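**Q** entry27.txt (compact mmCIF, C-alpha atoms) pasted underneath:
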```txt
# COMPACT_ATOMS: atom_id res chain seq x y z
CA MET R 1 -22.72 6.21 -38.64
CA SER R 2 -22.08 2.50 -37.98
CA GLU R 3 -21.38 1.15 -34.53
CA VAL R 4 -19.28 -1.63 -33.01
CA ARG R 5 -19.74 -3.55 -29.79
CA ILE R 6 -17.04 -3.46 -27.12
CA THR R 7 -16.72 -4.21 -23.42
CA VAL R 8 -15.92 -1.40 -20.95
CA ASN R 9 -15.19 -2.44 -17.36
CA GLY R 10 -17.02 -5.71 -17.93
CA LYS R 11 -20.13 -4.15 -19.49
CA THR R 12 -21.11 -4.30 -23.16
CA ARG R 13 -21.27 -0.93 -24.91
CA SER R 14 -21.93 0.29 -28.45
CA VAL R 15 -19.57 2.95 -29.82
CA SER R 16 -19.12 4.66 -33.16
CA THR R 17 -16.81 3.04 -35.67
CA GLY R 18 -13.39 4.70 -35.56
CA GLN R 19 -14.00 6.38 -32.19
CA SER R 20 -10.82 7.20 -30.26
CA ILE R 21 -10.05 6.28 -26.68
CA ALA R 22 -10.08 9.99 -25.75
CA SER R 23 -13.49 10.46 -27.35
CA LEU R 24 -14.89 7.44 -25.52
CA LEU R 25 -13.69 8.73 -22.15
CA GLN R 26 -15.14 12.18 -22.80
CA GLU R 27 -18.44 10.60 -23.86
CA MET R 28 -18.56 8.75 -20.52
CA GLY R 29 -17.84 11.96 -18.59
CA MET R 30 -14.46 10.78 -17.31
CA ASP R 31 -11.82 13.17 -15.96
CA LEU R 32 -8.97 12.34 -18.35
CA GLY R 33 -6.39 13.45 -15.80
CA HIS R 34 -7.47 10.91 -13.16
CA VAL R 35 -7.85 7.64 -15.08
CA ALA R 36 -5.71 5.09 -16.90
CA VAL R 37 -6.79 2.84 -19.75
CA GLU R 38 -6.02 -0.74 -20.64
CA ARG R 39 -7.06 -2.24 -24.00
CA ASN R 40 -7.09 -6.01 -24.33
CA GLU R 41 -4.80 -6.26 -21.28
CA GLU R 42 -2.27 -3.76 -22.65
CA VAL R 43 -1.83 -0.29 -21.18
CA VAL R 44 -2.72 2.48 -23.64
CA PRO R 45 -0.26 5.37 -23.14
CA ARG R 46 -2.03 8.62 -22.37
CA LYS R 47 -0.28 10.47 -25.19
CA THR R 48 -1.83 8.10 -27.77
CA TRP R 49 -5.46 8.34 -26.64
CA GLN R 50 -6.39 10.73 -29.45
CA GLU R 51 -4.94 8.45 -32.14
CA VAL R 52 -5.87 4.96 -30.90
CA THR R 53 -9.19 3.93 -32.45
CA ILE R 54 -11.51 1.34 -30.92
CA GLN R 55 -11.95 -1.94 -32.77
CA PRO R 56 -14.85 -4.43 -32.63
CA ASN R 57 -14.82 -6.64 -29.51
CA ASP R 58 -12.14 -4.60 -27.76
CA ARG R 59 -12.01 -5.11 -24.00
CA ILE R 60 -11.42 -1.73 -22.35
CA GLU R 61 -10.58 -1.24 -18.68
CA VAL R 62 -10.80 2.27 -17.19
CA VAL R 63 -9.27 2.48 -13.74
CA ALA R 64 -8.57 5.01 -11.01
CA PHE R 65 -7.31 4.95 -7.44
CA MET R 66 -9.76 4.12 -4.67
CA GLY R 67 -9.46 3.42 -0.94
CA GLY R 68 -8.08 -0.06 -0.22
CA GLY R 69 -4.15 0.01 1.37
CA SER R 70 3.21 10.31 12.55
CA GLY R 71 6.08 12.31 13.28
CA SER R 72 9.36 10.59 13.93
CA ALA R 73 12.00 11.20 16.51
CA SER R 74 13.77 14.44 15.69
CA GLY R 75 16.18 14.01 12.78
CA ASP R 76 15.31 10.32 12.47
CA ALA R 77 14.00 9.86 8.94
CA LEU R 78 12.62 6.77 7.24
CA VAL R 79 14.48 6.43 3.93
CA ILE R 80 12.86 4.39 1.15
CA GLY R 81 14.36 4.28 -2.32
CA GLY R 82 16.44 7.36 -1.63
CA ARG R 83 13.48 9.42 -0.34
CA ALA R 84 13.29 10.55 3.28
CA PHE R 85 10.04 10.61 5.24
CA ARG R 86 9.50 12.08 8.71
CA SER R 87 6.63 9.72 9.48
CA ARG R 88 7.13 6.03 10.15
CA LEU R 89 3.40 5.36 10.04
CA LEU R 90 1.92 4.44 6.66
CA VAL R 91 -1.86 4.29 6.32
CA GLY R 92 -4.42 2.86 3.94
CA THR R 93 -7.59 4.45 2.62
CA GLY R 94 -10.15 1.64 2.63
CA LYS R 95 -13.15 0.80 4.85
CA TYR R 96 -13.90 4.34 6.03
CA ARG R 97 -17.50 5.46 6.22
CA SER R 98 -16.98 8.53 4.07
CA ILE R 99 -14.41 10.47 2.08
CA GLU R 100 -14.44 13.17 4.77
CA GLU R 101 -13.71 10.66 7.53
CA THR R 102 -10.85 9.30 5.42
CA ARG R 103 -9.41 12.79 5.03
CA LYS R 104 -9.61 13.57 8.75
CA ALA R 105 -8.07 10.24 9.77
CA ILE R 106 -5.15 10.62 7.36
CA GLU R 107 -4.50 14.12 8.68
CA ALA R 108 -4.69 12.96 12.32
CA SER R 109 -2.30 10.06 11.67
CA GLY R 110 0.49 12.35 10.52
CA ALA R 111 1.31 9.78 7.83
CA GLU R 112 3.09 10.97 4.70
CA ILE R 113 2.70 7.76 2.69
CA VAL R 114 -0.87 6.75 1.90
CA THR R 115 -1.77 3.52 0.09
CA VAL R 116 -4.45 3.41 -2.59
CA ALA R 117 -5.86 0.44 -4.49
CA LEU R 118 -6.38 0.48 -8.24
CA ARG R 119 -9.94 -0.40 -9.25
CA ARG R 120 -12.30 0.04 -12.18
CA VAL R 121 -13.80 3.50 -12.09
CA ASP R 122 -17.45 4.21 -11.44
CA LEU R 123 -18.68 5.15 -14.91
CA SER R 124 -21.10 7.65 -13.38
CA PRO R 125 -19.72 11.15 -14.04
CA GLY R 126 -18.61 13.06 -10.96
CA ALA R 127 -18.27 10.02 -8.66
CA ALA R 128 -16.01 10.77 -5.68
CA THR R 129 -12.72 8.91 -5.31
CA VAL R 130 -10.17 8.57 -2.55
CA LEU R 131 -8.04 11.19 -4.29
CA ASP R 132 -10.54 13.71 -2.97
CA ALA R 133 -9.37 12.82 0.56
CA VAL R 134 -5.62 13.01 -0.02
CA ASP R 135 -3.61 16.20 -0.40
CA ARG R 136 -1.01 15.18 -2.96
CA LYS R 137 1.09 18.21 -2.14
CA THR R 138 1.86 16.82 1.30
CA HIS R 139 1.30 13.08 0.86
CA THR R 140 2.90 10.40 -1.28
CA LEU R 141 0.46 7.97 -2.86
CA LEU R 142 1.56 4.34 -2.70
CA PRO R 143 -0.34 2.30 -5.32
CA ASN R 144 -1.25 -1.11 -3.93
CA THR R 145 -1.83 -4.29 -5.95
CA ALA R 146 -4.40 -5.51 -3.40
CA GLY R 147 -6.74 -8.12 -4.84
CA CYS R 148 -4.18 -9.56 -7.27
CA TYR R 149 -3.76 -13.34 -7.19
CA THR R 150 -1.04 -13.77 -9.83
CA ALA R 151 2.27 -12.10 -10.61
CA GLU R 152 0.88 -11.07 -14.01
CA GLU R 153 -2.11 -9.26 -12.45
CA ALA R 154 0.16 -7.40 -10.02
CA ILE R 155 2.55 -6.34 -12.79
CA ARG R 156 -0.34 -5.08 -14.94
CA THR R 157 -1.69 -3.09 -11.99
CA CYS R 158 1.64 -1.40 -11.36
CA ARG R 159 1.99 -0.48 -15.02
CA LEU R 160 -1.47 1.07 -14.94
CA ALA R 161 -0.53 3.01 -11.81
CA ARG R 162 2.47 4.40 -13.64
CA GLU R 163 0.21 5.38 -16.54
CA LEU R 164 -1.98 7.26 -14.05
CA GLY R 165 1.00 9.47 -13.32
CA MET R 166 1.97 7.98 -9.97
CA ALA R 167 5.57 7.88 -8.80
CA GLU R 168 7.52 4.66 -9.25
CA MET R 169 7.04 3.49 -5.65
CA VAL R 170 4.48 0.66 -5.37
CA LYS R 171 3.27 -1.74 -2.71
CA LEU R 172 3.40 -5.23 -4.20
CA GLU R 173 0.79 -7.65 -2.90
CA VAL R 174 0.05 -11.04 -4.49
CA ILE R 175 -2.51 -13.03 -2.51
CA GLY R 176 -2.15 -16.81 -2.38
CA ASP R 177 -5.23 -17.84 -0.42
CA GLN R 178 -8.67 -16.21 -0.46
CA LYS R 179 -9.61 -17.30 3.07
CA THR R 180 -6.49 -16.26 4.98
CA LEU R 181 -5.29 -13.61 2.49
CA PHE R 182 -1.77 -14.86 3.09
CA PRO R 183 0.61 -13.68 0.34
CA ASP R 184 1.99 -16.00 -2.32
CA GLY R 185 5.74 -15.79 -1.74
CA ALA R 186 6.83 -17.33 -5.05
CA ALA R 187 4.51 -15.12 -7.12
CA THR R 188 5.53 -12.03 -5.12
CA LEU R 189 9.21 -12.73 -5.80
CA GLU R 190 8.48 -13.32 -9.50
CA ALA R 191 6.60 -10.03 -9.83
CA ALA R 192 9.23 -8.14 -7.82
CA LYS R 193 11.98 -9.20 -10.22
CA VAL R 194 10.06 -7.85 -13.22
CA LEU R 195 9.01 -4.61 -11.56
CA VAL R 196 12.47 -3.80 -10.23
CA LYS R 197 13.89 -4.28 -13.73
CA GLU R 198 11.27 -1.87 -15.05
CA GLY R 199 12.40 0.82 -12.62
CA PHE R 200 9.74 0.53 -9.93
CA VAL R 201 10.58 1.13 -6.27
CA VAL R 202 9.02 -2.06 -4.90
CA LEU R 203 7.72 -2.56 -1.35
CA PRO R 204 6.53 -6.18 -1.18
CA TYR R 205 4.02 -7.54 1.36
CA CYS R 206 5.11 -11.00 2.49
CA LEU R 207 4.94 -13.61 5.22
CA ASP R 208 7.30 -13.22 8.20
CA ASP R 209 9.73 -15.59 6.46
CA PRO R 210 13.40 -14.57 6.88
CA ILE R 211 14.50 -16.50 3.77
CA LEU R 212 11.89 -14.92 1.50
CA ALA R 213 12.52 -11.48 2.99
CA LYS R 214 16.21 -11.75 2.11
CA LYS R 215 15.44 -12.95 -1.42
CA LEU R 216 13.14 -9.97 -1.97
CA GLU R 217 15.88 -7.64 -0.79
CA ASP R 218 18.43 -9.36 -3.02
CA VAL R 219 16.34 -8.82 -6.18
CA GLY R 220 16.29 -5.09 -5.46
CA CYS R 221 13.21 -4.32 -3.38
CA ALA R 222 13.52 -0.97 -1.61
CA ALA R 223 11.88 -2.26 1.59
CA VAL R 224 10.30 -5.49 2.80
CA MET R 225 6.88 -5.59 4.49
CA PRO R 226 6.30 -8.78 6.53
CA LEU R 227 2.91 -9.27 8.15
CA ALA R 228 2.38 -9.16 11.88
CA ALA R 229 -0.78 -11.27 11.57
CA PRO R 230 -3.43 -11.92 8.88
CA ILE R 231 -4.85 -8.84 7.12
CA GLY R 232 -7.56 -7.19 9.18
CA SER R 233 -7.28 -9.68 12.05
CA GLY R 234 -6.12 -7.19 14.70
CA LEU R 235 -4.11 -9.94 16.40
CA GLY R 236 -0.95 -7.85 16.73
CA ILE R 237 2.62 -9.16 16.56
CA ARG R 238 2.34 -12.97 16.48
CA ASN R 239 5.99 -13.87 15.80
CA PRO R 240 8.45 -11.26 17.09
CA TYR R 241 11.30 -13.75 16.79
CA ASN R 242 11.03 -14.07 13.00
CA LEU R 243 10.78 -10.30 12.70
CA ARG R 244 14.00 -9.95 14.68
CA ILE R 245 15.78 -12.40 12.38
CA ILE R 246 14.51 -10.53 9.32
CA MET R 247 15.76 -7.23 10.74
CA GLU R 248 19.15 -8.65 11.68
CA ASN R 249 19.78 -9.71 8.08
CA ALA R 250 18.25 -6.72 6.29
CA GLN R 251 19.98 -3.77 4.67
CA VAL R 252 16.66 -2.18 3.66
CA PRO R 253 13.79 -0.87 5.83
CA ILE R 254 11.50 -3.49 7.39
CA ILE R 255 7.93 -2.24 7.65
CA VAL R 256 5.32 -4.32 9.48
CA ASP R 257 2.23 -4.65 7.32
CA ALA R 258 -1.13 -6.18 8.35
CA GLY R 259 -2.50 -7.48 11.64
CA VAL R 260 -2.07 -4.45 13.90
CA GLY R 261 -5.13 -4.00 16.11
CA THR R 262 -4.42 -1.15 18.50
CA ALA R 263 -1.79 1.38 19.51
CA SER R 264 0.16 -1.00 21.74
CA ASP R 265 0.69 -3.34 18.75
CA ALA R 266 2.22 -0.48 16.77
CA ALA R 267 4.45 0.45 19.71
CA VAL R 268 5.65 -3.16 20.08
CA ALA R 269 6.58 -3.32 16.39
CA MET R 270 8.61 -0.15 16.67
CA GLU R 271 10.24 -1.21 19.96
CA LEU R 272 11.41 -4.40 18.23
CA GLY R 273 13.30 -2.19 15.79
CA CYS R 274 10.99 -2.23 12.78
CA ASP R 275 11.44 0.82 10.58
CA GLY R 276 7.75 1.51 10.16
CA VAL R 277 4.20 0.20 10.38
CA LEU R 278 1.50 0.15 7.70
CA MET R 279 -2.13 -0.20 8.75
CA ASN R 280 -5.67 0.41 7.57
CA THR R 281 -8.35 -1.66 9.32
CA ALA R 282 -7.07 -0.86 12.82
CA ILE R 283 -7.86 2.80 12.19
CA ALA R 284 -10.81 2.68 9.79
CA GLY R 285 -12.57 -0.06 11.75
CA ALA R 286 -12.24 1.64 15.14
CA ARG R 287 -15.29 3.13 16.84
CA GLU R 288 -13.61 6.55 16.53
CA PRO R 289 -11.25 6.34 13.53
CA VAL R 290 -9.84 9.85 13.83
CA LEU R 291 -9.02 9.37 17.52
CA MET R 292 -7.45 5.99 16.76
CA ALA R 293 -5.36 7.59 14.03
CA GLU R 294 -3.97 9.99 16.62
CA ALA R 295 -3.26 7.09 18.99
CA MET R 296 -1.41 5.19 16.27
CA ARG R 297 0.65 8.27 15.43
CA ASP R 298 1.70 8.68 19.05
CA ALA R 299 2.38 4.95 19.51
CA VAL R 300 4.69 4.79 16.50
CA VAL R 301 6.63 7.82 17.74
CA ALA R 302 6.86 6.45 21.31
CA GLY R 303 7.92 3.00 20.12
CA ARG R 304 10.63 4.42 17.91
CA LYS R 305 11.96 6.62 20.69
CA ALA R 306 12.01 3.65 23.08
CA PHE R 307 13.96 1.56 20.56
CA CYS R 308 16.47 4.35 20.01
CA ALA R 309 16.82 4.89 23.77
CA GLY R 310 17.51 1.21 24.46
CA ARG R 311 15.46 -0.70 27.02
CA ILE R 312 16.90 -2.19 30.20
CA PRO R 313 17.64 -5.93 30.16
CA ARG R 314 15.03 -8.34 31.48
CA LYS R 315 15.96 -10.02 34.78
CA LEU R 316 14.39 -12.81 36.79
CA TYR R 317 14.97 -11.14 40.16
CA ALA R 318 14.54 -7.62 41.47
CA THR R 319 17.26 -4.98 41.42
CA ALA R 320 16.90 -2.13 43.90
CA SER R 321 16.52 1.28 42.29
CA SER R 322 17.62 3.12 45.45
CA PRO R 323 21.26 2.91 46.62
CA LEU R 324 21.94 0.42 49.40
CA ALA R 325 24.84 2.42 50.89
CA GLY R 326 24.01 4.62 53.86
CA LEU R 327 21.04 2.62 55.15
CA ILE R 328 20.00 3.43 58.74
CA GLU R 329 20.68 0.39 60.89
```
For this file, produce the structure as structure tokens.
**A**
Amino acid sequence: MSEVRITVNGKTRSVSTGQSIASLLQEMGMDLGHVAVERNEEVVPRKTWQEVTIQPNDRIEVVAFMGGGSGSASGDALVIGGRAFRSRLLVGTGKYRSIEETRKAIEASGAEIVTVALRRVDLSPGAATVLDAVDRKTHTLLPNTAGCYTAEEAIRTCRLARELGMAEMVKLEVIGDQKTLFPDGAATLEAAKVLVKEGFVVLPYCLDDPILAKKLEDVGCAAVMPLAAPIGSGLGIRNPYNLRIIMENAQVPIIVDAGVGTASDAAVAMELGCDGVLMNTAIAGAREPVLMAEAMRDAVVAGRKAFCAGRIPRKLYATASSPLAGLIE
């Protein structure tokens, strides 16, 4: 039987002439239920894998989800794209030391929405993935376009996520600078327009720019996710004033994404009135990730309750807390 040369996940491979996509995946020991396939930068629908035959010089990408990207006050749900969530803490799945640590931290956080990044699969049969750490009966996976530097890359990634059987909700991230990892606002807006038209529930990561945040809402994004500080920096809320302006003008949830370092940062974000907080490094990079996950869960709940309760106004001078009437003279 003759063979042809193709590229699979960047590596040259010889396959039999006329071999199908399904046959190739089985030959590589892939779990067909947990991967998606792209051929020459076009998604191959799962239902066609048996019929689509591989041609000479095809470029095949096989991808799966891997690790990237708290209870609420009673009766106080976070609503995104028509879905209600009890937790206002969203967590990522990257940078943990093991799949088991990932699982324990997610459980301790109380988060219901868990971000996952789409990456080429390990072609070694039986390789563990982040899906082994997430109970999909109780958690919603939020595919993340982390690592994308153009609108086109981000759109392709979301389409592949849909092919993997994920729900339509996606975290849109288009990076504009490799050093700072600041998002590219123009490319994010461009990708958001396309994805919304294709029926995705889009949650875009963006700078704390009130104008851009409003434009993203206006094109149909289900939430807007401005950064608190650069990704992984742990600097906390750097510009609470811009966040307040964004929230004042928004009709969709505002979820702080990136830059949180510790529990007090999460509490501050919630006390400002943000609808939620998404974090990864602050938990995974802690000395005790599972304990930090618990702290973040409690901080988000406390911050939300404080916002709902309404803080006292700040004053320059003291105000006595005990009544002045009836003093002994």
**Q** Pull the closest atom pair for each residue of range 192-218 of chain R that gets at most 7 Å from range 169-174 of chain R, along with the distance in Å to one decimal, counting all atoms listed in the file, ordering rows by chain and then ascending residue number, as a Markdown table.
**A**
```
| residue | atom | partner | partner_atom | distance |
| --- | --- | --- | --- | --- |
| R:Phe200 | CA | R:Met169 | CA | 5.9 |
| R:Val201 | CA | R:Met169 | CA | 4.3 |
| R:Val202 | CA | R:Val170 | CA | 5.3 |
| R:Leu203 | CA | R:Lys171 | CA | 4.7 |
| R:Pro204 | CA | R:Leu172 | CA | 4.5 |
| R:Tyr205 | CA | R:Glu173 | CA | 5.3 |
```
**Q** Using only C-alpha atoms, which of the listed residues (R:Asn242, R:Thr157, R:Glu288, R:Lys215) sits closest to Leu195 in chain R?
**A** R:Thr157
**Q** Restrict the calculation to all atoms listed in the file, then for each residue of range 133-193 of chain R with any atom at most 9 Å from an atom of range 33-52 of chain R give the closest atom pair and their distance in Å to one decimal, rows by chain and rising residue number, as JSON lines.
**A**
```
{"residue": "R:Arg156", "atom": "CA", "partner": "R:Glu41", "partner_atom": "CA", "distance": 7.8}
{"residue": "R:Arg159", "atom": "CA", "partner": "R:Val43", "partner_atom": "CA", "distance": 7.3}
{"residue": "R:Leu160", "atom": "CA", "partner": "R:Ala36", "partner_atom": "CA", "distance": 6.2}
{"residue": "R:Ala161", "atom": "CA", "partner": "R:Ala36", "partner_atom": "CA", "distance": 7.6}
{"residue": "R:Arg162", "atom": "CA", "partner": "R:Ala36", "partner_atom": "CA", "distance": 8.8}
{"residue": "R:Glu163", "atom": "CA", "partner": "R:Ala36", "partner_atom": "CA", "distance": 5.9}
{"residue": "R:Leu164", "atom": "CA", "partner": "R:Ala36", "partner_atom": "CA", "distance": 5.2}
{"residue": "R:Gly165", "atom": "CA", "partner": "R:His34", "partner_atom": "CA", "distance": 8.6}
```
**Q** Which is closer to Leu142 in chain R than all the others in R:Val252, R:Val91, R:Leu272, R:Ala187, using all atoms listed in the file?
**A**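 Going through R:Val252, R:Val91, R:Leu272, R:Ala187 one by one, the smallest distance to Leu142 in chain R is for R:Val91.
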**Q** If we count all atoms listed in the file and set the cut-off at 10 Å, which residues sit around Leu78 in chain R, ignoring sequence neighbours fewer than 3 positions away in its own chain? Please answer as a VMD selection string.
**A** chain R and resid 72 75 82 to 89 253 275 to 276
**Q** Counting all atoms listed in the file, what is within 8 Å of Ile231 in chain R, bar same-chain residues fewer than 4 positions away, as a list in words?
**A**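 Neighbouring residues, sequence-local ones excluded: Thr180, Leu181, Phe182, Leu227, Ala258 and Gly259 of chain R.
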**Q** Go ahead and compute the interatomic distance for CA of Asn57 in chain R and CA of Val4 in chain R, in Å to one decimal.
**A**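 Those two atoms sit 7.6 Å apart.
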**Q** Do you have the CA of Ala284 in chain R-CA of Asp177 in chain R distance handy?
**A** 23.6 Å
**Q** Kindly give the distance, in Å, that separates CA of Ala154 in chain R and CA of Ile246 in chain R, rounded to a single decimal.
**A**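 According to the coordinates, CA of Ala154 in chain R and CA of Ile246 in chain R are separated by 24.3 Å.
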**Q** Choose the residue, out of R:Val134, R:Lys305, R:Leu141, R:Val79, that has the smallest atom-to-atom separation from Glu100 in chain R; count all atoms listed in the file.
**A**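 For Glu100 in chain R, the nearest of the given residues is R:Val134.
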**Q** Which residue out of R:Thr93, R:Ser14, R:Gln251, R:Thr145 has the minimum interatomic distance to Asp218 in chain R when only C-alpha atoms are used?
**A**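 Comparing R:Thr93, R:Ser14, R:Gln251, R:Thr145 against Asp218 in chain R, the winner is R:Gln251.
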**Q** I need the residue nearest Arg13 in chain R from this list: R:Ala229, R:Gln26, R:Arg59, R:Met270. Use all atoms listed in the file for the distance.
**A**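 Of R:Ala229, R:Gln26, R:Arg59, R:Met270, the one nearest Arg13 in chain R is R:Arg59, counting all atoms listed in the file.
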